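Next up, my_file07.pdb (PDB, C-alpha atoms):
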ATOM      1  CA  MET U   1     -22.894  40.785 -10.741  1.00  0.00           C
ATOM      2  CA  VAL U   2     -23.351  44.488  -9.979  1.00  0.00           C
ATOM      3  CA  SER U   3     -26.209  46.867 -10.754  1.00  0.00           C
ATOM      4  CA  ARG U   4     -27.292  50.460 -10.279  1.00  0.00           C
ATOM      5  CA  LYS U   5     -30.324  52.542 -11.138  1.00  0.00           C
ATOM      6  CA  VAL U   6     -29.861  55.694 -13.191  1.00  0.00           C
ATOM      7  CA  VAL U   7     -32.251  58.251 -14.717  1.00  0.00           C
ATOM      8  CA  VAL U   8     -32.094  58.978 -18.448  1.00  0.00           C
ATOM      9  CA  ILE U   9     -31.768  62.761 -18.853  1.00  0.00           C
ATOM     10  CA  ASN U  10     -31.776  63.027 -22.647  1.00  0.00           C
ATOM     11  CA  PRO U  11     -34.703  65.221 -23.751  1.00  0.00           C
ATOM     12  CA  GLU U  12     -35.873  62.648 -26.301  1.00  0.00           C
ATOM     13  CA  GLY U  13     -34.929  59.559 -24.280  1.00  0.00           C
ATOM     14  CA  LEU U  14     -32.895  56.738 -25.825  1.00  0.00           C
ATOM     15  CA  HIS U  15     -33.497  57.477 -29.510  1.00  0.00           C
ATOM     16  CA  LEU U  16     -30.964  56.446 -32.167  1.00  0.00           C
ATOM     17  CA  LYS U  17     -27.999  58.706 -31.389  1.00  0.00           C
ATOM     18  CA  PRO U  18     -27.872  58.170 -27.607  1.00  0.00           C
ATOM     19  CA  ALA U  19     -28.737  54.477 -28.046  1.00  0.00           C
ATOM     20  CA  ALA U  20     -25.746  54.100 -30.372  1.00  0.00           C
ATOM     21  CA  CYS U  21     -23.509  55.904 -27.862  1.00  0.00           C
ATOM     22  CA  PHE U  22     -24.820  53.634 -25.078  1.00  0.00           C
ATOM     23  CA  CYS U  23     -24.015  50.532 -27.141  1.00  0.00           C
ATOM     24  CA  LYS U  24     -20.600  51.829 -28.174  1.00  0.00           C
ATOM     25  CA  GLU U  25     -19.701  52.309 -24.507  1.00  0.00           C
ATOM     26  CA  ALA U  26     -20.962  48.817 -23.601  1.00  0.00           C
ATOM     27  CA  LEU U  27     -18.898  47.221 -26.362  1.00  0.00           C
ATOM     28  CA  ASN U  28     -15.718  48.412 -24.615  1.00  0.00           C
ATOM     29  CA  PHE U  29     -16.212  45.739 -21.942  1.00  0.00           C
ATOM     30  CA  LYS U  30     -16.108  41.943 -21.823  1.00  0.00           C
ATOM     31  CA  SER U  31     -18.909  41.714 -19.248  1.00  0.00           C
ATOM     32  CA  LEU U  32     -22.515  40.994 -20.132  1.00  0.00           C
ATOM     33  CA  ILE U  33     -24.256  44.358 -19.852  1.00  0.00           C
ATOM     34  CA  THR U  34     -28.030  44.628 -19.762  1.00  0.00           C
ATOM     35  CA  PHE U  35     -30.578  47.044 -18.397  1.00  0.00           C
ATOM     36  CA  THR U  36     -34.107  46.603 -17.142  1.00  0.00           C
ATOM     37  CA  PHE U  37     -36.972  49.008 -17.683  1.00  0.00           C
ATOM     38  CA  GLU U  38     -40.634  48.352 -16.874  1.00  0.00           C
ATOM     39  CA  GLY U  39     -40.124  44.596 -16.670  1.00  0.00           C
ATOM     40  CA  THR U  40     -38.163  44.401 -19.921  1.00  0.00           C
ATOM     41  CA  THR U  41     -34.501  43.415 -20.114  1.00  0.00           C
ATOM     42  CA  ALA U  42     -32.446  44.853 -22.960  1.00  0.00           C
ATOM     43  CA  ASN U  43     -28.964  43.942 -24.186  1.00  0.00           C
ATOM     44  CA  ALA U  44     -26.859  47.103 -23.877  1.00  0.00           C
ATOM     45  CA  LYS U  45     -24.611  45.922 -26.718  1.00  0.00           C
ATOM     46  CA  SER U  46     -27.475  45.836 -29.239  1.00  0.00           C
ATOM     47  CA  VAL U  47     -28.846  49.095 -30.663  1.00  0.00           C
ATOM     48  CA  LEU U  48     -32.120  47.395 -31.632  1.00  0.00           C
ATOM     49  CA  SER U  49     -32.537  46.009 -28.133  1.00  0.00           C
ATOM     50  CA  VAL U  50     -31.893  49.435 -26.583  1.00  0.00           C
ATOM     51  CA  LEU U  51     -34.302  51.166 -28.974  1.00  0.00           C
ATOM     52  CA  GLY U  52     -36.917  48.467 -28.386  1.00  0.00           C
ATOM     53  CA  ALA U  53     -37.032  49.273 -24.668  1.00  0.00           C
ATOM     54  CA  CYS U  54     -38.676  52.642 -25.516  1.00  0.00           C
ATOM     55  CA  VAL U  55     -36.953  54.579 -22.734  1.00  0.00           C
ATOM     56  CA  ARG U  56     -38.041  58.220 -22.504  1.00  0.00           C
ATOM     57  CA  SER U  57     -36.584  61.238 -20.752  1.00  0.00           C
ATOM     58  CA  GLY U  58     -36.912  60.966 -16.988  1.00  0.00           C
ATOM     59  CA  ASP U  59     -37.281  57.179 -17.013  1.00  0.00           C
ATOM     60  CA  GLU U  60     -35.210  55.184 -14.535  1.00  0.00           C
ATOM     61  CA  ILE U  61     -33.324  52.145 -15.816  1.00  0.00           C
ATOM     62  CA  GLU U  62     -31.311  49.596 -13.876  1.00  0.00           C
ATOM     63  CA  ILE U  63     -27.983  48.751 -15.494  1.00  0.00           C
ATOM     64  CA  VAL U  64     -26.686  45.257 -14.703  1.00  0.00           C
ATOM     65  CA  CYS U  65     -23.110  44.136 -15.427  1.00  0.00           C
ATOM     66  CA  ASP U  66     -21.839  40.594 -14.994  1.00  0.00           C
ATOM     67  CA  GLY U  67     -18.296  39.487 -15.800  1.00  0.00           C
ATOM     68  CA  GLU U  68     -14.609  40.036 -15.226  1.00  0.00           C
ATOM     69  CA  ASP U  69     -14.727  43.834 -15.670  1.00  0.00           C
ATOM     70  CA  GLU U  70     -18.212  44.383 -14.235  1.00  0.00           C
ATOM     71  CA  ALA U  71     -17.317  47.148 -11.763  1.00  0.00           C
ATOM     72  CA  GLU U  72     -15.543  49.245 -14.399  1.00  0.00           C
ATOM     73  CA  ALA U  73     -18.329  48.596 -16.882  1.00  0.00           C
ATOM     74  CA  LEU U  74     -21.033  49.707 -14.447  1.00  0.00           C
ATOM     75  CA  GLU U  75     -19.170  52.920 -13.608  1.00  0.00           C
ATOM     76  CA  ALA U  76     -18.629  53.762 -17.283  1.00  0.00           C
ATOM     77  CA  MET U  77     -22.211  52.985 -18.306  1.00  0.00           C
ATOM     78  CA  CYS U  78     -23.749  55.024 -15.482  1.00  0.00           C
ATOM     79  CA  ARG U  79     -21.385  57.928 -16.158  1.00  0.00           C
ATOM     80  CA  ALA U  80     -22.312  57.861 -19.865  1.00  0.00           C
ATOM     81  CA  VAL U  81     -26.038  58.029 -19.059  1.00  0.00           C
ATOM     82  CA  GLU U  82     -25.554  60.775 -16.457  1.00  0.00           C
ATOM     83  CA  ASN U  83     -23.526  62.808 -18.978  1.00  0.00           C
ATOM     84  CA  GLY U  84     -26.213  62.656 -21.673  1.00  0.00           C
ATOM     85  CA  LEU U  85     -24.846  59.922 -23.971  1.00  0.00           C
ATOM     86  CA  GLY U  86     -23.056  62.237 -26.365  1.00  0.00           C
ATOM     87  CA  GLU U  87     -25.848  64.795 -26.685  1.00  0.00           C
ATOM     88  CA  SER U  88     -25.508  68.392 -25.600  1.00  0.00           C
ATOM     89  CA  LEU U  89     -28.229  68.992 -23.058  1.00  0.00           C
TER      90      LEU U  89
END

Now, as a test, write the supplied structure out as structure tokens.
Amino acid sequence: MVSRKVVVINPEGLHLKPAACFCKEALNFKSLITFTFEGTTANAKSVLSVLGACVRSGDEIEIVCDGEDEAEALEAMCRAVENGLGESL
């Protein structure tokens, strides 16, 4: 299992479009991918779970990957968040 903290830079946080991009990226991997925010754990492969975490701009989340491709998954997920999850910033 590997994990890393990353700050969400999207101006509106993880609303529908970036949440969908986050999930789409997570679905590329076999590993279990979750993130924690304020004591809540969300499934990164579920748009409803991501939206339900209510992550806003500037919030720090911890992405956790566990499985055969965990290192690659963690790198890709953190890079996606750091690059704005498909939104022009």

Exercise for review: Work out how far apart CA of Met1 (chain U) and CA of Ala71 (chain U) are and give it in Å to one decimal.
Suggested key: 8.5 Å

Quick one: contact table of region 58-86 of chain U to region 31-36 of chain U, 6 Å max, nearest atom pair and distance in Å to one decimal per residue, counting all atoms listed in the file, chain and number order, as CSV?
residue,atom,partner,partner_atom,distance
U:Ile61,CA,U:Thr36,CA,5.8
U:Glu62,CA,U:Thr36,CA,5.2
U:Ile63,CA,U:Phe35,CA,4.3
U:Val64,CA,U:Thr34,CA,5.3
U:Cys65,CA,U:Ile33,CA,4.6
U:Asp66,CA,U:Leu32,CA,5.2
U:Gly67,CA,U:Ser31,CA,4.2
U:Asp69,CA,U:Ser31,CA,5.9
U:Glu70,CA,U:Ser31,CA,5.7

Exercise for review: Take the PyMOL selection byres ((chain U and resi 25) around 12), apply it to the structure above, and return the hits as number ranges by chain.
Suggested key: U: 18-24, 26-31, 33, 44-47, 72-81, 85-86

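CA of Glu68 (chain U) sits 27.2 Å away from CA of Gly52 (chain U).
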
Practice item. Convert the output of the PyMOL selection byres ((chain U and resi 10) around 8) on the shown file into explicit residues, formatted as an NGL selection string. Key: :U and (8-9 or 11-14 or 18 or 56-58 or 84-85 or 87 or 89)

Practice item. Run through the PyMOL selection byres ((chain U and resi 6) around 6) on the given coordinates and return the selected residues as a ChimeraX atom specification. Key: /U:5,7,60-61

Point to revise | Ala53 (chain U) environment, 9 Å, only C-alpha atoms, sequence neighbours closer than 6 positions dropped, as a list of chain:residue names | key: U:Leu14, U:Thr36, U:Phe37, U:Glu38, U:Thr40, U:Thr41, U:Ala42

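The nearest approach to His15 (chain U) among the residues U:Cys54, U:Ser49, U:Ser3, U:Asn43, with only C-alpha atoms taken into account, belongs to U:Cys54.
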
Region 45-59 of chain U: axis-aligned bounding box, 4 Å on each side, centre and edge lengths in Å, one decimal, as lines of an AutoDock Vina configuration file:
center_x = -31.6
center_y = 53.5
center_z = -24.3
size_x = 22.1
size_y = 23.4
size_z = 22.6
